[in-house]
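S.K.: Structure file coords31.txt (compact mmCIF, C-alpha atoms) right here:
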# COMPACT_ATOMS: atom_id res chain seq x y z
CA MET J 468 284.38 50.82 12.97
CA ARG J 469 282.41 52.68 15.66
CA ALA J 470 284.18 55.93 14.80
CA PHE J 471 283.23 55.43 11.15
CA LEU J 472 279.57 54.84 12.09
CA LEU J 473 279.54 57.94 14.26
CA LEU J 474 281.01 60.13 11.53
CA ALA J 475 278.55 58.73 9.01
CA PHE J 476 275.67 59.32 11.41
CA LEU J 477 276.59 62.92 12.17
CA ALA J 478 277.23 63.67 8.50
CA ALA J 479 273.94 62.18 7.31
CA PRO J 480 271.00 64.35 6.28
CA LEU J 481 268.74 65.14 9.21
CA ALA J 482 265.79 63.26 7.72
CA ALA J 483 267.86 60.09 7.34
CA GLN J 484 268.68 60.08 11.05
CA THR J 485 265.05 59.54 12.02
CA ARG J 486 264.37 56.15 10.35
CA ASP J 487 265.70 52.93 11.89
CA SER J 488 269.14 54.21 12.81
CA LEU J 489 270.68 53.16 16.12
CA LEU J 490 272.65 55.58 18.23
CA LEU J 491 274.19 54.82 21.61
CA LEU J 492 274.89 57.85 23.78
CA ARG J 493 277.57 57.40 26.46
CA PRO J 494 277.67 60.38 28.83
CA ALA J 495 279.24 60.44 32.28
CA ALA J 496 275.75 60.27 33.80
CA VAL J 497 272.07 60.32 32.89
CA TRP J 498 269.38 62.28 34.69
CA ASP J 499 265.94 61.03 33.72
CA GLY J 500 263.80 64.07 34.57
CA THR J 501 262.39 62.80 37.86
CA SER J 502 265.11 61.14 39.97
CA ASP J 503 266.87 62.77 42.89
CA ALA J 504 270.25 62.66 41.14
CA PRO J 505 271.89 61.58 37.86
CA SER J 506 272.92 57.94 37.46
CA SER J 507 276.60 57.51 36.66
CA GLY J 508 277.69 54.97 34.07
CA TRP J 509 274.33 54.88 32.31
CA THR J 510 273.86 54.94 28.55
CA VAL J 511 270.90 55.72 26.31
CA LEU J 512 270.06 53.82 23.12
CA VAL J 513 268.08 55.71 20.49
CA ARG J 514 266.28 53.90 17.69
CA GLY J 515 264.88 56.22 15.04
CA ASP J 516 263.09 59.04 16.82
CA ARG J 517 262.50 57.19 20.12
CA ILE J 518 264.42 56.17 23.20
CA ALA J 519 264.84 52.41 22.96
CA ALA J 520 266.67 51.72 26.22
CA VAL J 521 268.26 53.50 29.16
CA GLY J 522 270.23 52.09 32.06
CA PRO J 523 273.65 50.82 33.19
CA ALA J 524 276.03 50.47 30.25
CA ALA J 525 276.44 46.73 30.76
CA GLN J 526 272.68 46.24 30.70
CA VAL J 527 272.03 48.32 27.57
CA GLY J 528 275.07 46.94 25.73
CA VAL J 529 276.18 48.02 22.26
CA PRO J 530 273.76 46.67 19.67
CA LYS J 531 275.16 45.66 16.30
CA GLY J 532 275.24 48.57 13.88
CA ALA J 533 274.84 51.24 16.54
CA ALA J 534 276.84 54.44 16.18
CA VAL J 535 278.41 55.30 19.52
CA VAL J 536 278.71 58.88 20.74
CA ASP J 537 280.98 59.37 23.73
CA LEU J 538 280.07 62.41 25.81
CA PRO J 539 282.70 62.52 28.57
CA GLY J 540 282.14 64.86 31.46
CA THR J 541 278.51 65.44 30.58
CA THR J 542 275.12 64.75 32.09
CA LEU J 543 272.47 63.66 29.61
CA ILE J 544 269.09 65.20 30.46
CA PRO J 545 265.66 65.37 28.81
CA GLY J 546 265.21 68.16 26.30
CA MET J 547 264.10 71.16 28.33
CA ILE J 548 260.69 72.79 27.87
CA GLU J 549 260.12 76.55 27.73
CA ALA J 550 256.51 77.15 28.79
CA HIS J 551 256.24 80.89 28.12
CA THR J 552 257.88 82.30 25.03
CA HIS J 553 257.02 84.73 22.24
CA LEU J 554 259.05 83.75 19.20
CA PHE J 555 257.68 86.75 17.27
CA LEU J 556 259.08 89.27 19.76
CA HIS J 557 262.65 90.40 20.31
CA PRO J 558 264.15 92.26 23.30
CA TYR J 559 262.45 95.53 24.20
CA ASN J 560 265.77 97.32 24.62
CA GLU J 561 266.30 96.71 20.89
CA THR J 562 262.84 97.81 19.74
CA PRO J 563 259.92 98.82 21.99
CA TRP J 564 256.91 96.51 21.96
CA ASN J 565 254.67 99.12 20.31
CA ASP J 566 257.11 99.55 17.44
CA GLN J 567 257.38 95.82 16.92
CA VAL J 568 253.60 95.51 16.64
CA LEU J 569 253.01 98.65 14.55
CA ARG J 570 256.11 99.12 12.44
CA GLU J 571 257.72 95.76 11.77
CA PRO J 572 256.28 93.98 8.70
CA LEU J 573 255.04 90.42 9.18
CA ALA J 574 257.74 89.05 6.87
CA LEU J 575 260.45 90.70 8.98
CA ARG J 576 258.94 89.40 12.20
CA THR J 577 258.69 85.91 10.75
CA ALA J 578 262.33 85.98 9.64
CA ARG J 579 263.33 86.94 13.17
CA ALA J 580 261.13 84.15 14.57
CA VAL J 581 262.97 81.59 12.44
CA ASN J 582 266.24 82.66 14.04
CA HIS J 583 264.63 82.73 17.48
CA ALA J 584 263.41 79.16 17.06
CA ARG J 585 266.86 77.96 16.11
CA ALA J 586 268.52 79.76 19.04
CA THR J 587 266.01 78.19 21.44
CA LEU J 588 266.72 74.68 20.15
CA MET J 589 270.48 75.19 20.25
CA ALA J 590 270.15 76.21 23.92
CA GLY J 591 268.69 72.79 24.73
CA PHE J 592 264.99 73.65 24.76
CA THR J 593 263.35 71.12 22.48
CA THR J 594 259.73 72.10 23.22
CA VAL J 595 258.10 75.50 23.72
CA ARG J 596 254.67 76.88 24.49
CA ASP J 597 254.37 80.11 22.50
CA LEU J 598 251.88 82.36 24.27
CA GLY J 599 250.81 84.75 21.55
CA THR J 600 252.16 86.29 18.37
CA GLU J 601 251.56 89.84 19.66
CA GLY J 602 250.10 91.27 16.46
CA ALA J 603 251.54 88.67 14.07
CA GLY J 604 248.22 86.89 13.60
CA TYR J 605 248.42 83.15 13.04
CA ALA J 606 252.06 83.16 11.91
CA ASP J 607 253.00 80.87 14.80
CA VAL J 608 250.98 78.10 13.16
CA GLY J 609 253.02 78.40 9.98
CA LEU J 610 256.27 78.49 11.96
CA LYS J 611 255.23 75.34 13.79
CA GLN J 612 254.44 73.63 10.48
CA ALA J 613 257.80 74.62 9.01
CA ILE J 614 259.59 73.11 12.01
CA ASP J 615 257.49 69.94 11.98
CA GLN J 616 258.16 69.46 8.27
CA GLY J 617 261.91 69.88 8.74
CA ILE J 618 262.08 73.05 6.66
CA ILE J 619 263.74 74.98 9.49
CA PRO J 620 265.31 73.89 12.79
CA GLY J 621 263.41 74.63 15.96
CA PRO J 622 261.68 73.20 19.02
CA ARG J 623 258.34 71.45 19.08
CA MET J 624 255.73 74.19 19.38
CA VAL J 625 252.50 74.48 21.31
CA VAL J 626 250.83 77.65 20.01
CA THR J 627 248.08 80.02 21.14
CA THR J 628 247.91 82.22 18.00
CA ARG J 629 246.41 85.66 18.65
CA ALA J 630 245.37 85.31 22.34
CA MET J 631 242.17 86.88 23.69
CA LEU J 632 241.31 90.05 25.61
CA VAL J 633 238.39 92.37 26.19
CA THR J 634 237.90 95.43 24.01
CA GLY J 635 239.97 98.42 25.06
CA SER J 636 242.14 96.64 27.60
CA TYR J 637 245.36 95.93 25.71
CA ALA J 638 247.78 97.81 23.49
CA PRO J 639 248.82 99.76 21.51
CA ARG J 640 246.63 102.21 23.42
CA ARG J 641 244.06 103.86 21.18
CA THR J 642 244.36 107.16 23.03
CA ASP J 643 247.98 107.46 21.90
CA PHE J 644 247.15 107.55 18.19
CA SER J 645 245.10 109.59 15.71
CA PHE J 646 243.95 106.31 14.11
CA ASP J 647 242.64 103.02 15.44
CA PRO J 648 245.84 100.97 15.83
CA PRO J 649 245.96 97.19 15.41
CA GLN J 650 246.05 95.33 18.69
CA GLY J 651 248.54 92.85 20.08
CA ALA J 652 245.78 90.29 20.67
CA GLU J 653 242.23 89.59 19.54
CA GLU J 654 239.36 91.40 21.25
CA ALA J 655 236.26 89.48 22.34
CA ASP J 656 233.31 90.45 24.53
CA GLY J 657 230.29 88.69 26.01
CA ILE J 658 229.54 84.99 26.23
CA ASP J 659 228.70 84.59 22.53
CA GLY J 660 231.68 86.73 21.51
CA VAL J 661 234.31 84.88 23.51
CA MET J 662 232.98 81.49 22.45
CA ARG J 663 233.09 82.51 18.78
CA VAL J 664 236.66 83.83 19.03
CA ALA J 665 237.89 80.81 20.98
CA ARG J 666 236.47 78.49 18.33
CA ASP J 667 237.90 80.61 15.53
CA GLN J 668 241.39 80.57 17.04
CA ILE J 669 241.16 76.80 17.47
CA ALA J 670 240.08 76.51 13.84
CA HIS J 671 243.18 78.47 12.83
CA GLY J 672 245.50 76.12 14.72
CA ALA J 673 245.59 77.12 18.40
CA ASP J 674 246.74 74.25 20.63
CA TRP J 675 245.87 76.18 23.78
CA VAL J 676 243.71 79.26 24.28
CA LYS J 677 245.32 82.21 26.01
CA VAL J 678 243.33 84.89 27.78
CA TYR J 679 244.27 88.14 29.47
CA ALA J 680 242.33 87.87 32.74
CA ASP J 681 243.57 91.34 33.71
CA TYR J 682 245.67 94.11 32.23
CA ARG J 683 246.79 97.68 32.76
CA TRP J 684 243.53 99.40 31.78
CA GLY J 685 242.52 100.99 35.09
CA PRO J 686 241.82 104.74 35.42
CA ARG J 687 245.47 105.41 36.31
CA GLY J 688 246.90 102.66 34.10
CA GLU J 689 246.86 100.12 36.92
CA ALA J 690 246.13 96.42 36.31
CA MET J 691 242.44 95.56 36.63
CA PRO J 692 240.38 92.43 35.83
CA THR J 693 239.09 92.11 32.27
CA PHE J 694 236.83 89.15 31.46
CA THR J 695 234.03 88.31 33.84
CA GLU J 696 234.15 84.94 35.50
CA ALA J 697 231.22 83.85 33.32
CA GLU J 698 233.11 84.81 30.16
CA LEU J 699 236.18 82.93 31.33
CA ARG J 700 234.09 79.85 32.11
CA ALA J 701 232.66 79.96 28.59
CA ILE J 702 236.15 80.10 27.09
CA VAL J 703 237.29 77.16 29.21
CA GLU J 704 234.18 75.19 28.22
CA VAL J 705 234.88 75.71 24.52
CA ALA J 706 238.55 74.80 24.91
CA ARG J 707 237.85 71.65 26.92
CA SER J 708 235.18 70.57 24.44
CA SER J 709 237.91 70.51 21.81
CA GLY J 710 240.44 68.77 24.05
CA ARG J 711 242.41 71.94 24.74
CA ALA J 712 243.39 73.93 27.82
CA VAL J 713 243.32 77.61 28.74
CA VAL J 714 246.23 79.69 30.06
CA ALA J 715 245.69 83.07 31.69
CA HIS J 716 247.84 86.17 31.93
CA ALA J 717 246.88 87.39 35.40
CA SER J 718 248.62 89.52 38.00
CA THR J 719 245.86 90.88 40.25
CA PRO J 720 244.23 88.87 43.04
CA GLU J 721 240.77 89.21 41.46
CA GLY J 722 241.92 88.49 37.93
CA MET J 723 243.75 85.42 39.18
CA ARG J 724 240.76 84.29 41.26
CA ARG J 725 238.34 84.54 38.33
CA ALA J 726 240.68 82.62 36.05
CA ILE J 727 241.34 79.90 38.63
CA MET J 728 237.66 79.45 39.40
CA ALA J 729 236.86 79.31 35.69
CA GLY J 730 239.19 76.36 35.22
CA VAL J 731 242.34 77.65 33.54
CA GLU J 732 245.33 75.33 33.83
CA SER J 733 248.11 77.85 34.31
CA ILE J 734 248.53 81.39 35.56
CA GLU J 735 251.25 83.56 34.03
CA HIS J 736 253.05 86.33 35.98
CA GLY J 737 250.96 86.39 39.18
CA ASP J 738 252.79 89.39 40.63
CA GLY J 739 249.93 90.37 42.92
CA GLY J 740 249.10 86.92 44.21
CA ILE J 741 248.11 86.69 47.88
CA ASP J 742 247.84 83.79 50.31
CA ASP J 743 244.24 83.05 49.28
CA THR J 744 245.34 82.96 45.64
CA TRP J 745 248.12 80.45 46.24
CA ARG J 746 245.85 78.29 48.40
CA LEU J 747 243.22 78.25 45.65
CA MET J 748 245.79 77.35 43.01
CA THR J 749 247.05 74.48 45.14
CA GLU J 750 243.54 73.20 45.78
CA ARG J 751 242.63 73.32 42.08
CA SER J 752 245.99 72.08 40.76
CA VAL J 753 246.66 75.23 38.75
CA THR J 754 250.27 75.67 37.66
CA PHE J 755 252.15 78.93 38.21
CA CYS J 756 254.48 80.39 35.59
CA PRO J 757 256.13 83.30 37.44
CA THR J 758 258.12 84.79 34.50
CA LEU J 759 260.81 86.14 36.83
CA ALA J 760 263.23 86.91 34.01
CA ALA J 761 260.87 89.29 32.22
CA GLY J 762 260.59 91.64 35.18
CA ASP J 763 264.29 91.32 35.86
CA ALA J 764 265.03 92.36 32.25
CA THR J 765 262.58 95.25 32.01
CA ARG J 766 263.84 96.75 35.26
CA GLN J 767 267.35 96.69 33.88
CA TYR J 768 266.12 98.28 30.64
CA ALA J 769 264.63 101.03 32.80
CA GLY J 770 268.00 101.77 34.37
CA TRP J 771 268.45 99.39 37.30
CA LYS J 772 272.11 98.40 37.60
CA LYS J 773 271.73 94.84 38.81
CA GLY J 774 274.43 93.76 41.23
CA VAL J 775 275.42 97.36 41.87
CA GLU J 776 272.22 99.01 43.07
CA PRO J 777 269.66 97.65 45.55
CA GLU J 778 266.79 95.70 44.05
CA PRO J 779 263.83 97.88 42.99
CA ALA J 780 260.62 97.58 44.99
CA ALA J 781 258.97 95.59 42.21
CA ILE J 782 261.72 92.96 42.33
CA VAL J 783 261.56 92.76 46.11
CA ALA J 784 257.80 92.26 45.89
CA LYS J 785 258.20 89.62 43.19
CA ARG J 786 260.62 87.67 45.39
CA ALA J 787 258.11 87.76 48.22
CA SER J 788 255.18 86.59 46.09
CA PHE J 789 257.26 83.82 44.52
CA MET J 790 258.36 82.57 47.94
CA ALA J 791 254.77 82.68 49.18
CA ALA J 792 253.62 80.56 46.22
CA LEU J 793 256.47 78.14 46.79
CA ALA J 794 255.65 77.85 50.50
CA ALA J 795 252.02 77.16 49.65
CA GLY J 796 253.01 74.23 47.48
CA VAL J 797 251.93 75.71 44.16
CA THR J 798 253.21 73.73 41.18
CA MET J 799 255.84 75.77 39.35
CA CYS J 800 256.56 75.76 35.67
CA VAL J 801 259.59 77.18 33.87
CA GLY J 802 258.65 79.96 31.48
CA GLY J 803 260.38 83.30 31.41
CA ASP J 804 258.37 85.35 28.86
CA VAL J 805 261.27 85.01 26.43
CA GLY J 806 261.21 87.67 23.76
CA VAL J 807 261.26 90.37 26.41
CA TYR J 808 264.91 89.26 26.61
CA PRO J 809 266.90 87.27 24.00
CA HIS J 810 265.81 83.91 22.68
CA GLY J 811 268.37 81.27 23.51
CA ASP J 812 268.83 82.83 26.96
CA ASP J 813 265.98 80.69 28.34
CA ALA J 814 268.21 79.43 31.16
CA ARG J 815 267.93 82.90 32.69
CA GLU J 816 264.55 82.01 34.19
CA MET J 817 265.89 78.81 35.70
CA GLU J 818 268.80 80.62 37.32
CA LEU J 819 266.46 83.22 38.82
CA MET J 820 264.13 80.54 40.18
CA VAL J 821 267.08 79.11 42.08
CA ASP J 822 268.14 82.58 43.20
CA TYR J 823 264.57 83.20 44.44
CA GLY J 824 264.45 80.04 46.55
CA MET J 825 263.98 76.81 44.57
CA THR J 826 266.57 74.06 44.53
CA PRO J 827 268.34 73.28 41.24
CA LEU J 828 266.78 69.81 41.30
CA ALA J 829 263.25 71.24 41.66
CA VAL J 830 263.84 73.67 38.81
CA MET J 831 265.16 70.91 36.58
CA ARG J 832 262.11 68.78 37.29
CA ALA J 833 259.87 71.75 36.49
CA ALA J 834 261.67 72.41 33.19
CA THR J 835 261.37 68.79 32.03
CA SER J 836 258.85 66.30 33.42
CA GLY J 837 256.84 69.05 35.13
CA ASN J 838 256.34 71.17 32.03
CA ALA J 839 255.57 68.01 30.05
CA ARG J 840 252.70 67.30 32.45
CA LEU J 841 251.47 70.86 32.11
CA LEU J 842 251.33 70.47 28.34
CA HIS J 843 249.69 67.01 28.65
CA TRP J 844 252.70 65.65 26.79
CA GLU J 845 254.09 63.43 29.54
CA ASP J 846 253.75 60.42 27.22
CA ARG J 847 255.96 62.14 24.61
CA VAL J 848 258.68 64.27 26.19
CA GLY J 849 260.16 65.48 29.47
CA ARG J 850 261.82 62.26 30.64
CA VAL J 851 264.57 59.91 29.56
CA ALA J 852 262.54 56.72 29.35
CA PRO J 853 261.97 53.96 26.77
CA GLY J 854 259.22 54.77 24.28
CA LEU J 855 259.41 58.53 24.64
CA LEU J 856 260.68 60.81 21.90
CA ALA J 857 264.46 61.05 21.83
CA ASP J 858 264.66 64.70 22.90
CA LEU J 859 267.98 64.68 24.74
CA VAL J 860 270.53 67.28 25.79
CA ALA J 861 274.09 66.76 27.02
CA VAL J 862 275.47 69.44 29.33
CA THR J 863 278.83 69.75 31.06
CA GLY J 864 278.44 69.25 34.79
CA ASP J 865 275.42 68.33 36.92
CA PRO J 866 272.49 70.77 36.61
CA THR J 867 270.63 69.13 39.50
CA ARG J 868 273.34 70.56 41.76
CA GLU J 869 274.46 73.66 39.85
CA ILE J 870 271.77 75.15 37.63
CA ARG J 871 274.22 77.10 35.49
CA ALA J 872 275.33 73.79 33.99
CA VAL J 873 272.34 74.00 31.63
CA ARG J 874 274.16 76.79 29.82
CA HIS J 875 277.05 74.48 28.94
CA VAL J 876 275.31 72.58 26.16
CA VAL J 877 277.44 70.03 24.32
CA MET J 878 274.79 68.20 22.27
CA VAL J 879 271.11 68.66 21.43
CA MET J 880 268.98 65.90 19.96
CA LYS J 881 265.34 66.31 18.96
CA GLY J 882 263.38 63.26 17.90
CA GLY J 883 266.52 61.27 17.30
CA VAL J 884 268.04 63.98 15.11
CA VAL J 885 271.25 65.59 16.32
CA ALA J 886 270.62 69.32 16.04
CA ARG J 887 273.75 70.45 17.88
CA ARG J 888 276.76 68.25 17.50
CA PRO J 889 279.43 67.50 20.12
What do you get writing this file as structure tokens?
M.R.:
Amino acid sequence: MRAFLLLAFLAAPLAAQTRDSLLLLRPAAVWDGTSDAPSSGWTVLVRGDRIAAVGPAAQVGVPKGAAVVDLPGTTLIPGMIEAHTHLFLHPYNETPWNDQVLREPLALRTARAVNHARATLMAGFTTVRDLGTEGAGYADVGLKQAIDQGIIPGPRMVVTTRAMLVTGSYAPRRTDFSFDPPQGAEEADGIDGVMRVARDQIAHGADWVKVYADYRWGPRGEAMPTFTEAELRAIVEVARSSGRAVVAHASTPEGMRRAIMAGVESIEHGDGGIDDTWRLMTERSVTFCPTLAAGDATRQYAGWKKGVEPEPAAIVAKRASFMAALAAGVTMCVGGDVGVYPHGDDAREMELMVDYGMTPLAVMRAATSGNARLLHWEDRVGRVAPGLLADLVAVTGDPTREIRAVRHVVMVMKGGVVARRP
């Protein structure tokens, strides 16, 4: 009878799985997103789109009418959260960024994004924060709607739409063209200007506001601060007034300082962070998204033979800055700048974080309950707990001990719907 119920459940239309259906998941162990280790012999009961119960098998029992899914040899974990992705980009060794922005039609980019969303979900990442469409306008809002309505498979999306930067600081560089090229983000200047653009992006569907607090617009192409601290404060004020947060691309000490003092909630990249920067981030509870995998990928695109040749100076420096942030107690998030490298390879960032000095357990916490807190979604996702959305992933092995286990995905469930079947 249980086998029949399971087959019926897995064969049912996705929408039908989200009503009052009961599903009992029986893995070898359950890791809840916060504990020091998985709990062996635990089961998880899913009712509709929510977790109804979790605990020792004898305690949870087998409710009447529940379909039972046995997942031997697996650890059931919360759906992972990718906090820095660009679903409208694809790897730069396939097509350079400039060509993606200038030459790829929006319809083509959107079609790619649909595939990228599916690959991300199949890899066990049930929520993403997409940090800018890079020239694709507000298409992320439509992609998010299509996923939410069940038109296409994909993770829950937190979107920032066009992102914000000061005039002349971003790319494609105007000096490289005989015409004024479209930009990869929206330009805004002055207090009135940045407030207007922030409100306009929110009106178009932005869940967060992203700013470029610095970029490579110095006299020799070096990274320099962009927005003034006053402009950044104005952006944060607008965002907070609407119940939203601000995230900052920042890699210079001054760009990072201005963004932190203005009240942003996360810093992306942070390559040039110094001791004072990390101390300030710790004091003000600003999260750090180091995007290790992006630099690792671009260096390989440039010719570095990883594992054969010594690490380039930029990688050595990145290791040092990451370790300094870690030593200072800065809160880490998992977000690799996916799109620079293939979607679905999100685990790459997690593996590098371990390689750079974090424990597998700490990385797993960052990718689940930690990223949920960053998104202010801790009451929805990021843990295996009663009442939360049933975003669950079964992997072979124990990722809290060996991070590569997150690559061995057996099952993915999002909101009670089995997206990847065992």
S.K.: Region 565-579 of chain J: which residues within 8 Å, counting all atoms listed in the file, same-chain residues fewer than 2 positions away excluded, as a ChimeraX atom specification?
M.R.: /J:555-557,562-563,581-583,601-603,606,610,638-639,648-651
S.K.: Could you write out that same residue set with C-alpha atoms as a CSV table (one decimal), keeping the file's coordinate frame?
M.R.:
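Once written, result.csv looks like this:
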chain,number,residue,atom,x,y,z
J,555,PHE,CA,257.7,86.8,17.3
J,556,LEU,CA,259.1,89.3,19.8
J,557,HIS,CA,262.6,90.4,20.3
J,562,THR,CA,262.8,97.8,19.7
J,563,PRO,CA,259.9,98.8,22.0
J,581,VAL,CA,263.0,81.6,12.4
J,582,ASN,CA,266.2,82.7,14.0
J,583,HIS,CA,264.6,82.7,17.5
J,601,GLU,CA,251.6,89.8,19.7
J,602,GLY,CA,250.1,91.3,16.5
J,603,ALA,CA,251.5,88.7,14.1
J,606,ALA,CA,252.1,83.2,11.9
J,610,LEU,CA,256.3,78.5,12.0
J,638,ALA,CA,247.8,97.8,23.5
J,639,PRO,CA,248.8,99.8,21.5
J,648,PRO,CA,245.8,101.0,15.8
J,649,PRO,CA,246.0,97.2,15.4
J,650,GLN,CA,246.0,95.3,18.7
J,651,GLY,CA,248.5,92.8,20.1
S.K.: Have a look at CA of Phe646 (chain J) and CA of Thr634 (chain J) and let me know their distance in Å, one decimal.
M.R.: 15.9 Å
S.K.: Could you name the residues that touch region 798-813 of chain J at 6 Å or less, counting all atoms listed in the file, but leaving out those on the same chain fewer than 4 positions away, as a PyMOL selection string?
M.R.: chain J and resi 549-553+556-559+583+586-587+590+754-756+758+760-761+833-834+838
S.K.: Using all atoms listed in the file, can you tell me which of J:Pro777, J:Pro530, J:Gly617, J:Gly515 comes closest to Leu856 (chain J)?
M.R.: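 Looking at the shortest contact to Leu856 (chain J), the residue is J:Gly515.
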S.K.: Using all atoms listed in the file, find the one residue out of J:Val529, J:Glu698, J:Met547, J:Arg874 that sits nearest to Asp656 (chain J).
M.R.: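 Of all the options, J:Glu698 lies closest to Asp656 (chain J).
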S.K.: With all atoms listed in the file as the basis for distance, which of J:Lys881, J:Arg871, J:His843, J:Arg641 is at the shortest distance from Leu859 (chain J)?
M.R.: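 For Leu859 (chain J), the nearest of the given residues is J:Lys881.
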S.K.: Report the distance between CA of Gly591 (chain J) and CA of Val521 (chain J) in Å, rounded to one decimal place.
M.R.: 19.8 Å
S.K.: Return the single residue from J:Asp597, J:Asp537, J:Glu689, J:Glu776 that is closest to Val676 (chain J), with distances computed using all atoms listed in the file.
M.R.: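 Of all the options, J:Asp597 lies closest to Val676 (chain J).
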S.K.: At a cut-off of 8 Å, using all atoms listed in the file, what residues contact Ile518 (chain J)? Leave out same-chain residues fewer than 5 positions from it and give the result as a PyMOL selection string.
M.R.: chain J and resi 511-513+851-857
S.K.: Let me make sure I understand: among J:Ala495, J:Leu842, J:Ala520, J:Ala655, which one has the smallest atom-to-atom distance to Met624 (chain J) if we use all atoms listed in the file?
M.R.: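 Smallest separation from Met624 (chain J) among the options: J:Leu842.
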